[in-house]
>>> print(open('run.cif').read())   # mmCIF, C-alpha atoms
data_data
loop_
_atom_site.label_atom_id
_atom_site.label_comp_id
_atom_site.auth_asym_id
_atom_site.auth_seq_id
_atom_site.Cartn_x
_atom_site.Cartn_y
_atom_site.Cartn_z
CA MET H 1 56.91 93.38 130.18
CA THR H 2 60.65 92.61 130.04
CA PHE H 3 63.08 95.12 131.50
CA VAL H 4 66.71 95.29 130.43
CA THR H 5 69.33 93.47 132.51
CA LYS H 6 73.00 92.70 131.97
CA GLU H 7 72.02 89.10 131.28
CA ASN H 8 69.28 89.71 128.71
CA ILE H 9 70.35 92.86 126.84
CA THR H 10 72.08 90.98 124.02
CA GLU H 11 69.01 88.88 123.30
CA LEU H 12 66.76 91.94 123.42
CA VAL H 13 68.90 93.77 120.87
CA LEU H 14 69.01 90.71 118.61
CA GLU H 15 65.22 90.44 118.82
CA VAL H 16 64.80 94.05 117.72
CA PHE H 17 67.27 93.59 114.87
CA GLU H 18 65.33 90.52 113.73
CA ARG H 19 62.76 92.94 112.26
CA THR H 20 65.28 94.24 109.69
CA PRO H 21 63.73 93.47 106.26
CA GLU H 22 66.96 93.15 104.26
CA PRO H 23 68.40 89.67 104.98
CA ARG H 24 72.10 90.46 104.60
CA LEU H 25 71.87 93.62 106.73
CA ARG H 26 70.00 91.63 109.38
CA GLU H 27 72.67 88.91 109.33
CA VAL H 28 75.58 91.35 109.53
CA MET H 29 74.11 93.51 112.28
CA GLN H 30 73.07 90.59 114.45
CA SER H 31 76.51 89.06 114.15
CA LEU H 32 78.08 92.41 115.00
CA VAL H 33 75.96 92.69 118.15
CA LYS H 34 76.87 89.18 119.27
CA HIS H 35 80.61 89.76 118.89
CA LEU H 36 80.55 93.33 120.19
CA HIS H 37 78.64 92.36 123.32
CA ALA H 38 80.92 89.35 123.84
CA PHE H 39 83.93 91.66 123.56
CA ILE H 40 82.45 94.07 126.11
CA ARG H 41 81.65 91.24 128.53
CA GLU H 42 85.21 89.93 128.22
CA VAL H 43 87.06 93.26 128.51
CA GLU H 44 84.61 95.03 130.85
CA PRO H 45 85.72 98.54 129.84
CA SER H 46 85.50 101.31 132.41
CA ASP H 47 83.47 104.44 131.69
CA THR H 48 86.73 106.28 130.98
CA GLU H 49 87.92 103.59 128.58
CA PHE H 50 84.57 103.70 126.79
CA GLU H 51 84.90 107.46 126.36
CA GLN H 52 88.43 107.00 125.03
CA GLY H 53 87.20 104.44 122.52
CA CYS H 54 84.45 106.78 121.31
CA GLU H 55 86.94 109.62 121.02
CA PHE H 56 89.20 107.39 118.92
CA LEU H 57 86.35 106.75 116.48
CA VAL H 58 85.44 110.45 116.35
CA SER H 59 89.08 111.32 115.71
CA LEU H 60 89.17 108.97 112.71
CA GLY H 61 86.59 111.16 111.03
CA LYS H 62 88.17 114.43 112.12
CA ASN H 63 91.56 113.35 110.73
CA THR H 64 90.23 112.18 107.36
CA SER H 65 90.82 114.68 104.56
CA GLU H 66 91.92 114.97 100.93
CA LYS H 67 95.42 114.02 102.10
CA LYS H 68 94.54 110.75 103.84
CA ASN H 69 91.71 108.45 104.91
CA GLU H 70 92.18 107.67 108.60
CA VAL H 71 89.24 105.24 108.69
CA ILE H 72 90.80 103.05 105.99
CA LEU H 73 94.14 103.34 107.77
CA ALA H 74 92.58 102.12 111.02
CA SER H 75 91.13 99.12 109.22
CA ASP H 76 94.55 98.46 107.73
CA ILE H 77 96.62 98.60 110.93
CA LEU H 78 94.08 96.36 112.70
CA GLY H 79 94.54 93.73 110.00
CA ALA H 80 90.87 93.92 109.02
CA SER H 81 91.44 95.10 105.44
CA THR H 82 93.88 92.31 104.67
CA LEU H 83 91.74 89.66 106.38
CA ILE H 84 88.76 90.63 104.22
CA THR H 85 90.97 90.45 101.15
CA LEU H 86 92.35 87.03 102.12
CA ILE H 87 88.84 85.65 102.69
CA ASN H 88 87.71 86.92 99.30
CA ASN H 89 90.89 85.56 97.68
CA VAL H 90 89.69 82.07 98.61
CA LYS H 91 86.35 82.75 96.93
CA ARG H 92 88.07 84.14 93.83
CA ALA H 93 90.37 81.10 93.69
CA GLU H 94 87.33 78.86 93.37
CA GLN H 95 86.39 80.76 90.19
CA ALA H 96 89.89 81.26 88.80
CA GLY H 97 90.61 77.72 87.69
CA GLN H 98 94.31 77.06 87.19
CA PHE H 99 95.39 80.68 87.45
CA GLN H 100 94.89 83.27 90.14
CA THR H 101 96.50 86.57 91.09
CA GLU H 102 96.13 87.41 94.76
CA SER H 103 94.35 90.60 95.66
CA ALA H 104 95.69 93.04 98.23
CA LEU H 105 94.22 95.92 100.16
CA LEU H 106 93.43 99.11 98.25
CA GLY H 107 95.17 101.39 100.70
CA PRO H 108 94.29 105.00 101.46
CA PHE H 109 96.04 106.70 98.50
CA TRP H 110 94.32 105.51 95.31
CA ARG H 111 92.91 108.29 93.13
CA ALA H 112 90.45 107.65 90.33
CA ASN H 113 90.99 108.97 86.81
CA ALA H 114 94.77 108.88 86.63
CA PRO H 115 95.95 109.98 83.17
CA PHE H 116 96.05 107.42 80.36
CA CYS H 117 99.55 106.87 79.00
CA GLU H 118 101.06 105.16 75.99
CA ALA H 119 103.02 101.92 76.38
CA GLY H 120 106.55 102.70 77.48
CA ASP H 121 105.69 106.15 78.86
CA THR H 122 107.06 107.19 82.22
CA ILE H 123 104.79 108.12 85.11
CA ALA H 124 107.68 109.93 86.82
CA ARG H 125 106.70 113.47 85.95
CA GLY H 126 108.39 116.79 86.53
CA ASN H 127 111.74 116.65 88.29
CA THR H 128 111.23 113.28 89.99
CA GLN H 129 114.63 111.75 90.68
CA GLY H 130 115.41 108.14 91.51
CA MET H 131 116.64 104.81 90.20
CA PRO H 132 114.95 104.17 86.82
CA LEU H 133 112.52 101.24 86.90
CA GLU H 134 110.92 99.48 83.93
CA VAL H 135 107.81 97.41 84.62
CA ARG H 136 106.23 95.01 82.17
CA GLY H 137 104.00 91.97 82.11
CA VAL H 138 100.92 90.35 80.59
CA VAL H 139 97.28 90.36 81.67
CA TYR H 140 95.54 87.00 81.25
CA ASP H 141 92.06 85.63 81.80
CA LYS H 142 91.45 82.68 84.13
CA HIS H 143 92.28 80.23 81.33
CA GLY H 144 95.67 81.80 80.63
CA LYS H 145 94.53 83.62 77.47
CA PRO H 146 96.07 87.12 77.05
CA LEU H 147 93.58 89.97 77.38
CA ALA H 148 93.99 92.79 74.90
CA ASN H 149 92.82 96.31 75.82
CA ALA H 150 92.73 95.65 79.56
CA THR H 151 93.45 98.66 81.77
CA VAL H 152 96.41 98.61 84.15
CA ASP H 153 96.14 101.42 86.72
CA VAL H 154 99.35 101.91 88.73
CA TRP H 155 100.33 104.24 91.56
CA HIS H 156 103.17 104.31 94.07
CA ALA H 157 105.15 106.42 96.50
CA SER H 158 108.19 108.44 95.49
CA PRO H 159 111.82 107.50 96.22
CA ILE H 160 111.48 109.51 99.44
CA GLY H 161 108.33 107.63 100.46
CA LEU H 162 105.59 110.14 99.69
CA TYR H 163 102.56 109.93 97.40
CA GLU H 164 102.05 113.02 95.26
CA ASN H 165 98.98 114.18 97.18
CA GLN H 166 101.13 114.26 100.33
CA ASP H 167 103.98 116.23 98.77
CA ASP H 168 103.56 119.76 97.40
CA ALA H 169 106.87 119.41 95.54
CA GLN H 170 105.41 116.73 93.23
CA GLU H 171 103.26 117.43 90.19
CA ASN H 172 99.59 116.52 90.28
CA MET H 173 99.13 112.82 89.47
CA ASN H 174 102.88 112.17 89.65
CA LEU H 175 103.73 108.46 89.81
CA ARG H 176 100.21 107.56 88.73
CA GLY H 177 99.01 106.36 85.36
CA ARG H 178 96.77 104.02 83.39
CA PHE H 179 97.95 101.82 80.55
CA LYS H 180 96.14 99.68 77.99
CA THR H 181 97.42 96.21 77.16
CA ASP H 182 98.36 95.53 73.55
CA ALA H 183 97.04 92.82 71.23
CA HIS H 184 99.13 90.26 73.13
CA GLY H 185 97.89 91.36 76.55
CA ALA H 186 101.20 93.06 77.39
CA TYR H 187 101.69 96.27 79.34
CA PHE H 188 104.89 98.28 79.79
CA PHE H 189 105.76 101.50 81.59
CA LYS H 190 108.68 103.34 83.10
CA THR H 191 108.97 104.99 86.48
CA VAL H 192 111.44 105.32 89.35
CA ARG H 193 111.94 102.73 92.04
CA PRO H 194 109.69 103.50 95.03
CA ALA H 195 110.84 103.61 98.61
CA GLY H 196 109.12 102.16 101.63
CA TYR H 197 107.35 104.73 103.74
CA PRO H 198 105.65 105.22 107.09
CA VAL H 199 101.87 105.15 107.20
CA PRO H 200 100.52 108.52 108.39
CA THR H 201 101.17 108.89 112.12
CA ASN H 202 99.77 112.38 112.76
CA GLY H 203 96.39 111.09 113.85
CA PRO H 204 94.74 108.53 116.14
CA CYS H 205 96.20 105.60 114.17
CA GLY H 206 99.67 106.93 114.82
CA ASP H 207 98.84 107.26 118.51
CA LEU H 208 97.72 103.62 118.55
CA LEU H 209 100.88 102.40 116.82
CA ARG H 210 103.06 104.26 119.31
CA ALA H 211 101.07 102.92 122.25
CA GLN H 212 101.63 99.40 120.92
CA LEU H 213 105.36 99.98 120.27
CA ARG H 214 104.87 99.22 116.57
CA HIS H 215 106.85 100.83 113.75
CA PRO H 216 104.87 102.49 110.94
CA ASN H 217 107.08 101.56 107.98
CA ARG H 218 105.59 99.77 104.98
CA PRO H 219 107.90 97.87 102.62
CA ALA H 220 108.42 99.39 99.16
CA HIS H 221 105.69 98.41 96.70
CA LEU H 222 103.70 99.26 93.60
CA HIS H 223 99.90 99.38 93.61
CA PHE H 224 97.97 97.93 90.67
CA MET H 225 94.30 97.96 89.71
CA VAL H 226 93.67 95.82 86.63
CA SER H 227 90.30 95.89 84.88
CA MET H 228 88.56 94.56 81.79
CA PRO H 229 84.84 94.49 80.96
CA GLY H 230 83.36 91.12 81.85
CA HIS H 231 85.96 90.56 84.58
CA LYS H 232 86.24 91.44 88.25
CA VAL H 233 88.50 94.36 89.04
CA LEU H 234 91.80 93.11 90.45
CA ILE H 235 93.31 95.26 93.20
CA THR H 236 96.77 94.17 94.26
CA GLN H 237 100.27 95.21 95.26
CA VAL H 238 103.74 94.02 94.27
CA PHE H 239 106.38 94.30 96.99
CA ALA H 240 110.11 94.70 96.50
CA ASP H 241 111.98 91.56 97.43
CA GLY H 242 114.70 92.12 100.00
CA ASP H 243 112.94 94.96 101.81
CA ASP H 244 113.66 94.88 105.54
CA ASN H 245 109.98 95.35 106.43
CA LEU H 246 108.46 92.55 104.35
CA THR H 247 107.61 90.52 107.46
CA SER H 248 106.68 93.46 109.70
CA ASP H 249 104.33 95.46 107.48
CA PRO H 250 102.16 97.54 109.87
CA VAL H 251 99.07 96.84 107.73
CA PHE H 252 99.83 93.09 107.42
CA GLY H 253 99.64 93.33 103.63
CA VAL H 254 102.48 91.09 102.45
CA THR H 255 101.84 87.53 101.34
CA ALA H 256 104.40 85.35 99.58
CA LEU H 257 102.71 85.63 96.18
CA LEU H 258 102.75 89.44 96.31
CA VAL H 259 106.55 89.71 96.48
CA GLY H 260 108.06 90.61 93.11
CA HIS H 261 111.64 90.39 91.87
CA PHE H 262 113.09 93.87 91.42
CA GLN H 263 116.22 93.04 89.43
CA GLU H 264 118.98 95.65 89.30
CA HIS H 265 121.24 96.11 86.27
CA VAL H 266 124.28 98.30 85.60
CA THR H 267 124.60 99.86 82.15
CA ASP H 268 127.36 102.33 81.35
CA GLY H 269 128.04 102.69 85.05
CA LYS H 270 124.42 103.58 85.87
CA THR H 271 122.07 101.34 87.86
CA HIS H 272 118.49 100.71 86.78
CA ALA H 273 115.89 98.12 87.80
CA THR H 274 113.33 95.95 86.08
CA LEU H 275 110.21 94.16 87.27
CA THR H 276 108.21 91.62 85.31
CA HIS H 277 104.82 90.76 86.77
CA ASP H 278 101.77 89.11 85.17
CA PHE H 279 98.14 89.33 86.26
CA HIS H 280 95.22 86.91 85.88
CA LEU H 281 91.63 88.17 85.98
CA THR H 282 88.49 86.24 86.83
CA GLU H 283 85.10 86.63 85.19
CA GLY H 284 82.47 88.82 86.82
CA ASP H 285 81.17 92.35 87.11
CA MET H 286 83.67 95.16 86.59
CA THR H 287 82.98 97.16 89.76
CA PHE H 288 85.42 99.80 90.94
CA PRO H 289 85.93 100.82 94.58
CA HIS H 290 85.10 104.24 95.93
CA PRO H 291 88.26 106.39 95.91
CA PRO H 292 89.55 106.95 99.48
CA ILE H 293 90.76 110.41 98.38
CA PRO H 294 89.63 112.68 95.50
#
>>> encode(input="run.cif", output="C-alpha cells")
Amino acid sequence: MTFVTKENITELVLEVFERTPEPRLREVMQSLVKHLHAFIREVEPSDTEFEQGCEFLVSLGKNTSEKKNEVILASDILGASTLITLINNVKRAEQAGQFQTESALLGPFWRANAPFCEAGDTIARGNTQGMPLEVRGVVYDKHGKPLANATVDVWHASPIGLYENQDDAQENMNLRGRFKTDAHGAYFFKTVRPAGYPVPTNGPCGDLLRAQLRHPNRPAHLHFMVSMPGHKVLITQVFADGDDNLTSDPVFGVTALLVGHFQEHVTDGKTHATLTHDFHLTEGDMTFPHPPIP
C-alpha cells in the first residue's frame, strides 16, 4: 500500500490518469498534471493564494454573459490564445505551399449568422458615423488560384470602440456582415473605420490587468473569418498600421503579417480610407468555431 506524500503525489496522479482510454485525452491530462504540479512546487502558493486563484477561476464563469466571454478574454490576456494560433500557423504553413495567410485569435465578440450582404454593401447600419472605409481583396487557394463563392465574414468595433452587442445605441448586427466572392474570387464592402478599444475590464481579467500595471487598449482592427467548402476556415485580423498600440496589444495578437495598410484619401474636402487585403486558404475540413457569444 502506497500512501500519498509530497514527493510521490505527481507520479500517483499520472498513474491513475494512465487508465484513460482515449489516447489524446490521456496525453493532454498527463502533461497538464506534470506542468501544474511543477508550477505549484516552484511557486509554493499559500492557502490564501490558492483560494484567490480558485476565486479568479470562479469569477471567470460568473462574469461570462451574452455581452462578453471572460474565459476567452483570460486566455487572450495570458497570451495563450495567440500562442495556440502561432503553433497552428506553423502546421498550416506546411500545407499551404507558396502562399499562406496567418491566422489570429477569434476574440470574444464573434457572432454566428451575420446577415449576408451584396458586394459593395455597407455594414455600417443605422446612424453609425465615422470615416468611410472601403475594403476589398481576393480569396485564393494555396496555389494562388482565386476562389469563387467563398464566404468572407467580417466584424469590427465602432469608431468609439464598441461592438454592437456592447452598445445599446447600435442596431443589432451593426458592423457585421458576410459577403460572397465573385467569379474572380474578389470581395468588396463598405464600412466605417474602426477605433481601437479597451478589452472589458469590469471583471477578474480587468483586475488582473490593473494589478500588473498593464493597459487594456487593443489597436484598431477588422476581424475576418473566411470559409469555402473543402478548405479550412481561416480566422484572422487585420490591424491598422500606425496605431499606437500595435506593439503593446494586451492580448498579444499583432504579428507583422497581420498589419494592413489603411490608406487615407481626400475627395471634395472629405477624408475616406481604403484597405486592400487578400486571403489564402488551405485545403481541409470546413469546421467553424463555437460562437463565444450568441
>>> closest_residue(input="run.cif", among="H:Met228, H:Cys117, H:Ala150, H:Ala104", to="Leu257 of chain H", atoms="only C-alpha atoms")
H:Ala104
>>> closest_residue(input="run.cif", among="H:Glu134, H:Asp121, H:Asp268, H:Glu66", to="Pro108 of chain H", atoms="all atoms listed in the file")
H:Glu66
>>> residues_around(input="run.cif", residues="His280 of chain H", least_positions_apart="2", cutoff="10 Å", atoms="all atoms listed in the file", output="list in words")
Ala96, Gln98, Phe99, Gln100, Thr101, Glu102, Val138, Val139, Tyr140, Asp141, Lys142, His143, Gly144, Lys145, Pro146, Leu147, Val226, Leu234, Asp278 and Thr282 of chain H
>>> atom_distance(input="run.cif", atom1="atom CA of Ser158 of chain H", atom2="atom CA of Pro132 of chain H")
11.8 Å
>>> closest_residue(input="run.cif", among="H:Gly185, H:Gly230, H:Gly242, H:Pro250", to="Ala148 of chain H", atoms="all atoms listed in the file")
H:Gly185
>>> axis_aligned_box(input="run.cif", around="segment 36-54 of chain H", padding_each_side="8 Å", output="lines of an AutoDock Vina configuration file")
center_x = 83.5
center_y = 98.4
center_z = 126.3
size_x = 25.8
size_y = 34.1
size_z = 28.2
>>> closest_atom_pairs(input="run.cif", of="segment 21-125 of chain H", to="segment 172-177 of chain H", cutoff="10 Å", atoms="all atoms listed in the file", output="CSV")
residue,atom,partner,partner_atom,distance
H:Trp110,CA,H:Arg176,CA,9.1
H:Arg111,CA,H:Met173,CA,8.5
H:Ala112,CA,H:Arg176,CA,9.9
H:Asn113,CA,H:Gly177,CA,8.6
H:Ala114,CA,H:Gly177,CA,5.1
H:Pro115,CA,H:Gly177,CA,5.2
H:Phe116,CA,H:Gly177,CA,5.9
H:Cys117,CA,H:Gly177,CA,6.4
H:Glu118,CA,H:Gly177,CA,9.7
H:Asp121,CA,H:Gly177,CA,9.3
H:Thr122,CA,H:Leu175,CA,8.4
H:Ile123,CA,H:Leu175,CA,4.8
H:Ala124,CA,H:Leu175,CA,5.2
H:Arg125,CA,H:Asn174,CA,5.5
>>> resolve_selection(input="run.cif", expression="the PyMOL selection byres ((chain H and resi 195) around 9)", output="PDB file with C-alpha atoms, in the frame of the given file")
ATOM      1  CA  HIS H 156     103.170 104.310  94.070  1.00  0.00           C
ATOM      2  CA  ALA H 157     105.150 106.420  96.500  1.00  0.00           C
ATOM      3  CA  SER H 158     108.190 108.440  95.490  1.00  0.00           C
ATOM      4  CA  PRO H 159     111.820 107.500  96.220  1.00  0.00           C
ATOM      5  CA  ILE H 160     111.480 109.510  99.440  1.00  0.00           C
ATOM      6  CA  GLY H 161     108.330 107.630 100.460  1.00  0.00           C
ATOM      7  CA  LEU H 162     105.590 110.140  99.690  1.00  0.00           C
ATOM      8  CA  ARG H 193     111.940 102.730  92.040  1.00  0.00           C
ATOM      9  CA  PRO H 194     109.690 103.500  95.030  1.00  0.00           C
ATOM     10  CA  GLY H 196     109.120 102.160 101.630  1.00  0.00           C
ATOM     11  CA  TYR H 197     107.350 104.730 103.740  1.00  0.00           C
ATOM     12  CA  PRO H 219     107.900  97.870 102.620  1.00  0.00           C
ATOM     13  CA  ALA H 220     108.420  99.390  99.160  1.00  0.00           C
ATOM     14  CA  HIS H 221     105.690  98.410  96.700  1.00  0.00           C
TER      15      HIS H 221
END
>>> closest_residue(input="run.cif", among="H:Val154, H:Ala169, H:Met225, H:Leu73", to="Pro198 of chain H", atoms="all atoms listed in the file")
H:Leu73
>>> residues_around(input="run.cif", residues="Asn202 of chain H", least_positions_apart="5", cutoff="12 Å", atoms="all atoms listed in the file", output="ChimeraX atom specification")
/H:59-60,62-64,67-70,73,207-210,216
>>> resolve_selection(input="run.cif", expression="the PyMOL selection byres ((chain H and resi 276) around 8)", output="ChimeraX atom specification")
/H:135-137,260-261,274-275,277-278
>>> residues_around(input="run.cif", residues="Leu86 of chain H", least_positions_apart="3", cutoff="10 Å", atoms="only C-alpha atoms", output="ChimeraX atom specification")
/H:80-83,89-92,102-105,253,255
>>> atom_distance(input="run.cif", atom1="atom CA of Met131 of chain H", atom2="atom CA of Lys270 of chain H")
9.0 Å
>>> decode(input="run.cif", residues="segment 123-134 of chain H", atoms="N, CA, C and O atoms", output="tab-separated table (two decimals), in the first residue's frame")
chain	number	residue	atom	x	y	z
H	123	ILE	N	-21.78	47.71	-44.09
H	123	ILE	CA	-22.21	47.03	-42.86
H	123	ILE	C	-22.40	48.04	-41.74
H	123	ILE	O	-22.72	47.65	-40.61
H	124	ALA	N	-22.22	49.33	-42.05
H	124	ALA	CA	-22.48	50.39	-41.07
H	124	ALA	C	-23.96	50.73	-41.15
H	124	ALA	O	-24.40	51.47	-42.04
H	125	ARG	N	-24.72	50.18	-40.25
H	125	ARG	CA	-26.17	50.30	-40.30
H	125	ARG	C	-26.66	51.40	-39.35
H	125	ARG	O	-25.97	51.81	-38.44
H	126	GLY	N	-27.90	51.83	-39.61
H	126	GLY	CA	-28.49	52.83	-38.73
H	126	GLY	C	-27.79	54.16	-38.89
H	126	GLY	O	-27.43	54.60	-39.98
H	127	ASN	N	-27.52	54.80	-37.76
H	127	ASN	CA	-26.93	56.14	-37.77
H	127	ASN	C	-25.45	56.09	-37.40
H	127	ASN	O	-24.93	57.01	-36.77
H	128	THR	N	-24.76	55.03	-37.81
H	128	THR	CA	-23.35	54.88	-37.48
H	128	THR	C	-22.51	55.93	-38.21
H	128	THR	O	-22.53	55.99	-39.44
H	129	GLN	N	-21.82	56.75	-37.46
H	129	GLN	CA	-21.00	57.82	-38.03
H	129	GLN	C	-19.52	57.43	-37.93
H	129	GLN	O	-19.10	56.71	-37.04
H	130	GLY	N	-18.73	57.94	-38.87
H	130	GLY	CA	-17.30	57.69	-38.84
H	130	GLY	C	-16.69	57.89	-40.20
H	130	GLY	O	-17.39	58.11	-41.21
H	131	MET	N	-15.36	57.79	-40.28
H	131	MET	CA	-14.67	57.93	-41.56
H	131	MET	C	-15.03	56.76	-42.47
H	131	MET	O	-14.86	55.60	-42.09
H	132	PRO	N	-15.57	57.01	-43.66
H	132	PRO	CA	-15.89	55.91	-44.58
H	132	PRO	C	-14.66	55.06	-44.89
H	132	PRO	O	-13.56	55.59	-45.07
H	133	LEU	N	-14.86	53.76	-44.95
H	133	LEU	CA	-13.78	52.82	-45.25
H	133	LEU	C	-14.28	51.83	-46.28
H	133	LEU	O	-15.34	51.21	-46.10
H	134	GLU	N	-13.53	51.65	-47.36
H	134	GLU	CA	-13.83	50.63	-48.36
H	134	GLU	C	-12.78	49.53	-48.26
H	134	GLU	O	-11.57	49.82	-48.22
